[in-house]
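Peer 1: See coords.csv below, with CSV, C-alpha atoms.
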chain,number,residue,atom,x,y,z
A,854,MET,CA,-38.9,24.1,-28.7
A,855,ASN,CA,-39.9,27.7,-27.8
A,856,SER,CA,-43.5,28.6,-27.2
A,857,LYS,CA,-43.8,30.8,-30.4
A,858,TYR,CA,-42.8,27.7,-32.5
A,859,ALA,CA,-45.3,25.6,-30.6
A,860,LEU,CA,-48.0,28.2,-31.2
A,861,PHE,CA,-47.3,28.2,-35.0
A,862,ILE,CA,-47.5,24.4,-35.0
A,863,GLY,CA,-50.9,24.6,-33.2
A,864,ILE,CA,-52.2,27.2,-35.6
A,865,GLY,CA,-51.0,25.1,-38.5
A,866,LEU,CA,-52.9,22.1,-37.1
A,867,LEU,CA,-56.0,24.1,-36.7
A,868,SER,CA,-55.6,25.4,-40.3
A,869,VAL,CA,-55.2,21.9,-41.6
A,870,SER,CA,-58.4,20.9,-39.9
A,871,ALA,CA,-60.1,23.9,-41.5
A,872,LEU,CA,-58.8,22.8,-44.9
A,873,MET,CA,-60.1,19.3,-44.3
A,874,MET,CA,-63.6,20.9,-44.2
A,875,HIS,CA,-63.2,21.7,-47.9
A,876,PRO,CA,-61.2,18.8,-49.4
A,877,ALA,CA,-59.8,19.0,-52.9
A,878,GLN,CA,-62.2,17.6,-55.5
A,879,ASN,CA,-59.5,15.8,-57.5
A,880,VAL,CA,-58.4,13.3,-54.9
A,881,SER,CA,-59.6,9.8,-55.9
A,882,ALA,CA,-61.5,7.7,-53.4
A,883,ALA,CA,-58.9,4.9,-53.9
A,884,ALA,CA,-56.0,7.2,-53.0
A,885,ALA,CA,-57.9,8.5,-50.0
A,886,GLN,CA,-58.5,5.0,-48.7
A,887,THR,CA,-54.9,3.8,-49.0
A,888,GLY,CA,-53.4,6.1,-46.4
A,889,LYS,CA,-52.2,4.9,-43.0
A,890,PRO,CA,-55.1,4.5,-40.5
A,891,ILE,CA,-55.4,7.3,-38.0
A,892,LYS,CA,-56.2,6.3,-34.5
A,893,MET,CA,-56.9,8.0,-31.2
A,894,HIS,CA,-57.2,6.8,-27.7
A,895,ARG,CA,-60.3,7.5,-25.7
A,896,LEU,CA,-59.7,7.7,-21.9
A,897,TYR,CA,-62.9,7.3,-19.9
A,898,THR,CA,-64.1,6.4,-16.5
A,899,GLY,CA,-65.8,3.0,-16.5
A,900,PRO,CA,-68.6,1.7,-14.2
A,901,ASP,CA,-65.9,0.5,-11.8
A,902,GLY,CA,-64.8,4.1,-11.3
A,903,GLN,CA,-61.4,3.5,-13.0
A,904,THR,CA,-59.9,4.9,-16.1
A,905,HIS,CA,-60.0,2.7,-19.2
A,906,ALA,CA,-58.7,3.2,-22.7
A,907,GLN,CA,-60.4,2.5,-26.0
A,908,GLU,CA,-58.7,2.8,-29.4
A,909,ILE,CA,-60.8,4.6,-31.9
A,910,GLU,CA,-60.1,4.6,-35.7
A,911,VAL,CA,-60.8,8.0,-37.3
A,912,LYS,CA,-63.3,7.2,-40.0
A,913,PHE,CA,-63.6,9.5,-43.0
A,914,GLY,CA,-66.7,9.7,-45.2
A,915,PRO,CA,-67.7,7.5,-48.2
A,916,GLY,CA,-65.1,8.9,-50.6
A,917,GLY,CA,-62.4,9.1,-48.0
A,918,THR,CA,-62.4,12.8,-48.3
A,919,ASP,CA,-65.2,13.9,-45.9
A,920,PRO,CA,-63.7,15.1,-42.7
A,921,PHE,CA,-63.9,13.4,-39.3
A,922,LYS,CA,-65.7,16.0,-37.2
A,923,LEU,CA,-64.3,16.7,-33.8
A,924,ALA,CA,-66.8,17.8,-31.1
A,925,ALA,CA,-64.4,20.7,-30.2
A,926,GLY,CA,-65.3,23.9,-28.3
A,927,ALA,CA,-63.5,27.1,-27.6
A,928,GLY,CA,-60.6,27.3,-25.2
A,929,ALA,CA,-57.9,25.3,-26.9
A,930,GLU,CA,-54.5,25.5,-25.2
A,931,ILE,CA,-50.9,24.7,-26.2
A,932,ARG,CA,-48.9,23.2,-23.4
A,933,ARG,CA,-45.3,22.3,-22.8
A,934,ALA,CA,-43.8,19.9,-20.3
A,935,PRO,CA,-40.1,19.2,-19.7
A,936,PRO,CA,-38.5,15.8,-19.9
A,937,GLY,CA,-39.0,13.7,-16.8
A,938,ARG,CA,-42.2,15.6,-15.7
A,939,VAL,CA,-44.7,13.2,-14.1
A,940,ALA,CA,-48.3,14.2,-13.4
A,941,ASP,CA,-49.2,11.6,-10.8
A,942,TRP,CA,-52.7,10.2,-10.6
A,943,HIS,CA,-55.1,12.7,-11.9
A,944,VAL,CA,-58.4,12.9,-13.9
A,945,ALA,CA,-58.9,15.0,-17.0
A,946,PRO,CA,-59.8,18.6,-16.2
A,947,ARG,CA,-62.6,18.5,-18.8
A,948,ARG,CA,-63.5,16.4,-21.8
A,949,GLN,CA,-60.8,17.2,-24.3
A,950,TYR,CA,-58.7,16.0,-27.2
A,951,VAL,CA,-55.0,16.1,-26.4
A,952,ILE,CA,-52.7,16.0,-29.5
A,953,THR,CA,-49.0,15.6,-29.1
A,954,LEU,CA,-47.2,18.0,-31.4
A,955,SER,CA,-43.6,17.1,-30.4
A,956,GLY,CA,-41.8,15.1,-27.8
A,957,HIS,CA,-43.0,11.8,-26.3
A,958,GLY,CA,-45.1,10.9,-23.4
A,959,GLU,CA,-46.8,8.0,-21.7
A,960,VAL,CA,-50.2,7.5,-20.0
A,961,GLU,CA,-50.4,4.8,-17.4
A,962,LEU,CA,-53.8,3.3,-16.3
A,963,VAL,CA,-54.6,1.7,-12.9
A,964,ASP,CA,-54.4,-1.8,-14.4
A,965,GLY,CA,-50.7,-1.1,-15.4
A,966,THR,CA,-51.5,-0.5,-19.1
A,967,LYS,CA,-49.1,2.0,-20.6
A,968,ILE,CA,-50.0,4.0,-23.8
A,969,GLU,CA,-47.0,5.6,-25.6
A,970,LEU,CA,-47.7,9.1,-27.1
A,971,GLY,CA,-45.6,10.7,-29.8
A,972,PRO,CA,-46.0,13.4,-32.4
A,973,GLY,CA,-49.4,13.0,-34.0
A,974,SER,CA,-50.9,11.0,-31.2
A,975,ILE,CA,-54.5,11.9,-30.6
A,976,ASP,CA,-56.2,11.2,-27.2
A,977,LEU,CA,-59.8,11.9,-26.2
A,978,ALA,CA,-59.6,12.4,-22.4
A,979,GLU,CA,-63.0,11.8,-20.7
A,980,ASP,CA,-62.0,10.3,-17.4
A,981,LEU,CA,-63.4,13.0,-15.3
A,982,THR,CA,-63.9,10.9,-12.1
A,983,GLY,CA,-62.2,8.1,-10.4
A,984,LYS,CA,-58.5,7.6,-9.8
A,985,GLY,CA,-57.6,8.8,-13.3
A,986,HIS,CA,-54.2,8.1,-14.9
A,987,ILE,CA,-50.5,9.1,-14.7
A,988,THR,CA,-49.0,11.1,-17.5
A,989,ARG,CA,-45.2,11.1,-18.0
A,990,VAL,CA,-42.9,13.0,-20.4
A,991,ILE,CA,-40.3,10.4,-21.6
A,992,GLY,CA,-37.2,11.0,-23.7
A,993,ASN,CA,-34.9,14.0,-23.6
A,994,GLU,CA,-37.1,16.7,-25.1
A,995,ASP,CA,-40.1,18.8,-24.1
A,996,ARG,CA,-43.5,17.4,-24.9
A,997,VAL,CA,-45.7,20.0,-26.6
A,998,THR,CA,-49.4,19.3,-26.8
A,999,ILE,CA,-52.5,21.1,-27.9
A,1000,ALA,CA,-55.6,20.5,-25.7
A,1001,ILE,CA,-58.9,21.1,-27.5
A,1002,PRO,CA,-62.1,21.1,-25.3
A,1003,VAL,CA,-65.0,18.9,-26.4
A,1004,SER,CA,-68.3,20.7,-26.9
A,1005,ASP,CA,-71.2,19.3,-24.9
A,1006,HIS,CA,-73.6,20.1,-27.7
Represent the supplied structure as structure tokens.
Peer 2:
Amino acid sequence: MNSKYALFIGIGLLSVSALMMHPAQNVSAAAAQTGKPIKMHRLYTGPDGQTHAQEIEVKFGPGGTDPFKLAAGAGAEIRRAPPGRVADWHVAPRRQYVITLSGHGEVELVDGTKIELGPGSIDLAEDLTGKGHITRVIGNEDRVTIAIPVSDH
């Protein structure tokens, strides 16, 4: 996937989130609640100094149409990594959401837990200290992600 295409995907995702701020009024609450649950993984440093993972379900408002607000700040980046790339033990460079746009990856924690990442995976990386985690690109295509910094406000 070339970087122009990835940029358009990223802009499209940001546009979709902007549209979510003004949902259509004719969507019924029942229809909004029947969709597949959306989940993200939160990577954080625990009291033991190690990276842990917590699965978080994205919760929408009472009618199922109110948006889930991300604590995002400026400085979003689109990244591309080739098949087979391994980022050995590292911590997140900042608190950020990492959304996989295409390709597949895997995050490994110190306890051996492996989290598979594919298109649409949302991770909240907050493991800023400790040993961190390993990130691998698996499969035979580039993994394209968008990293959105989390605002400290």
Peer 1: Leaving out Ser955 (chain A) and any residue of its chain fewer than 4 positions from it, which residues lie within 7 Å of it when counting all atoms listed in the file, given as a PyMOL selection string?
Peer 2: chain A and resi 971-972+996-997
Peer 1: CA of Ile968 (chain A) and CA of Thr904 (chain A) are how many Å apart?
Peer 2: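 Those two atoms sit 12.6 Å apart.
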Peer 1: So that I can check the surroundings of Val939 (chain A), please list as a PDB file with C-alpha atoms, in the coordinates of the input every protein, DNA and RNA residue that reaches within 9 Å of it, counting only C-alpha atoms and ignoring chain neighbours fewer than 5 positions away.
Peer 2:
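Okay, this is what ended up in part.pdb:
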ATOM      1  CA  ILE A 987     -50.500   9.100 -14.700  1.00  0.00           C
ATOM      2  CA  THR A 988     -49.000  11.100 -17.500  1.00  0.00           C
ATOM      3  CA  ARG A 989     -45.200  11.100 -18.000  1.00  0.00           C
ATOM      4  CA  VAL A 990     -42.900  13.000 -20.400  1.00  0.00           C
TER       5      VAL A 990
END
Peer 1: Between CA of Asp1005 (chain A) and CA of Gly983 (chain A), what distance in Å does the model show, to one decimal?
Peer 2: 20.4 Å
Peer 1: Please provide the set of residues having any atom within 12 Å of Glu908 (chain A), restricted to only C-alpha atoms, with same-chain residues fewer than 2 positions apart removed, written as a ChimeraX atom specification.
Peer 2: /A:890-897,905-906,910-911,968,974-978
Peer 1: Find the residues around Gln903 (chain A) up to 7 Å (all atoms listed in the file counted), leave out those fewer than 4 positions away in its own chain, and share them as JSON, numbers by chain.
Peer 2: {"A": [898, 899, 983, 984, 985]}
Peer 1: Dump C-alpha atoms for the selected residues as a PDB file, in the coordinates of the input?
Peer 2:
ATOM      1  CA  THR A 898     -64.100   6.400 -16.500  1.00  0.00           C
ATOM      2  CA  GLY A 899     -65.800   3.000 -16.500  1.00  0.00           C
ATOM      3  CA  GLY A 983     -62.200   8.100 -10.400  1.00  0.00           C
ATOM      4  CA  LYS A 984     -58.500   7.600  -9.800  1.00  0.00           C
ATOM      5  CA  GLY A 985     -57.600   8.800 -13.300  1.00  0.00           C
TER       6      GLY A 985
END
Peer 1: Quick one: distance from CA of Glu961 (chain A) to CA of His986 (chain A) in Å, one decimal?
Peer 2: 5.6 Å
Peer 1: Can you work out which one of A:Leu962, A:His957, A:Ala927, A:Ile999 has the shortest atom-to-atom distance to Asp980 (chain A), counting all atoms listed in the file?
Peer 2: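 Looking only at the distances to Asp980 (chain A), the closest residue turns out to be A:Leu962.
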Peer 1: Counting only C-alpha atoms, figure out which residue out of A:Ser1004, A:Asn993, A:Gln949, A:Thr998 gets nearest to Gly973 (chain A).
Peer 2: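 The closest residue to Gly973 (chain A) is A:Thr998.
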Peer 1: Using all atoms listed in the file, determine which residues lie at most 8 Å from Leu981 (chain A), disregarding the query and same-chain residues fewer than 6 positions distant; provide the list as a PyMOL selection string.
Peer 2: chain A and resi 897-898+944-948
Peer 1: Nearest residue to Ala1000 (chain A) out of A:Val951, A:Gln907, A:Ala940, A:Arg932, using only C-alpha atoms?
Peer 2: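 Of all the options, A:Val951 lies closest to Ala1000 (chain A).
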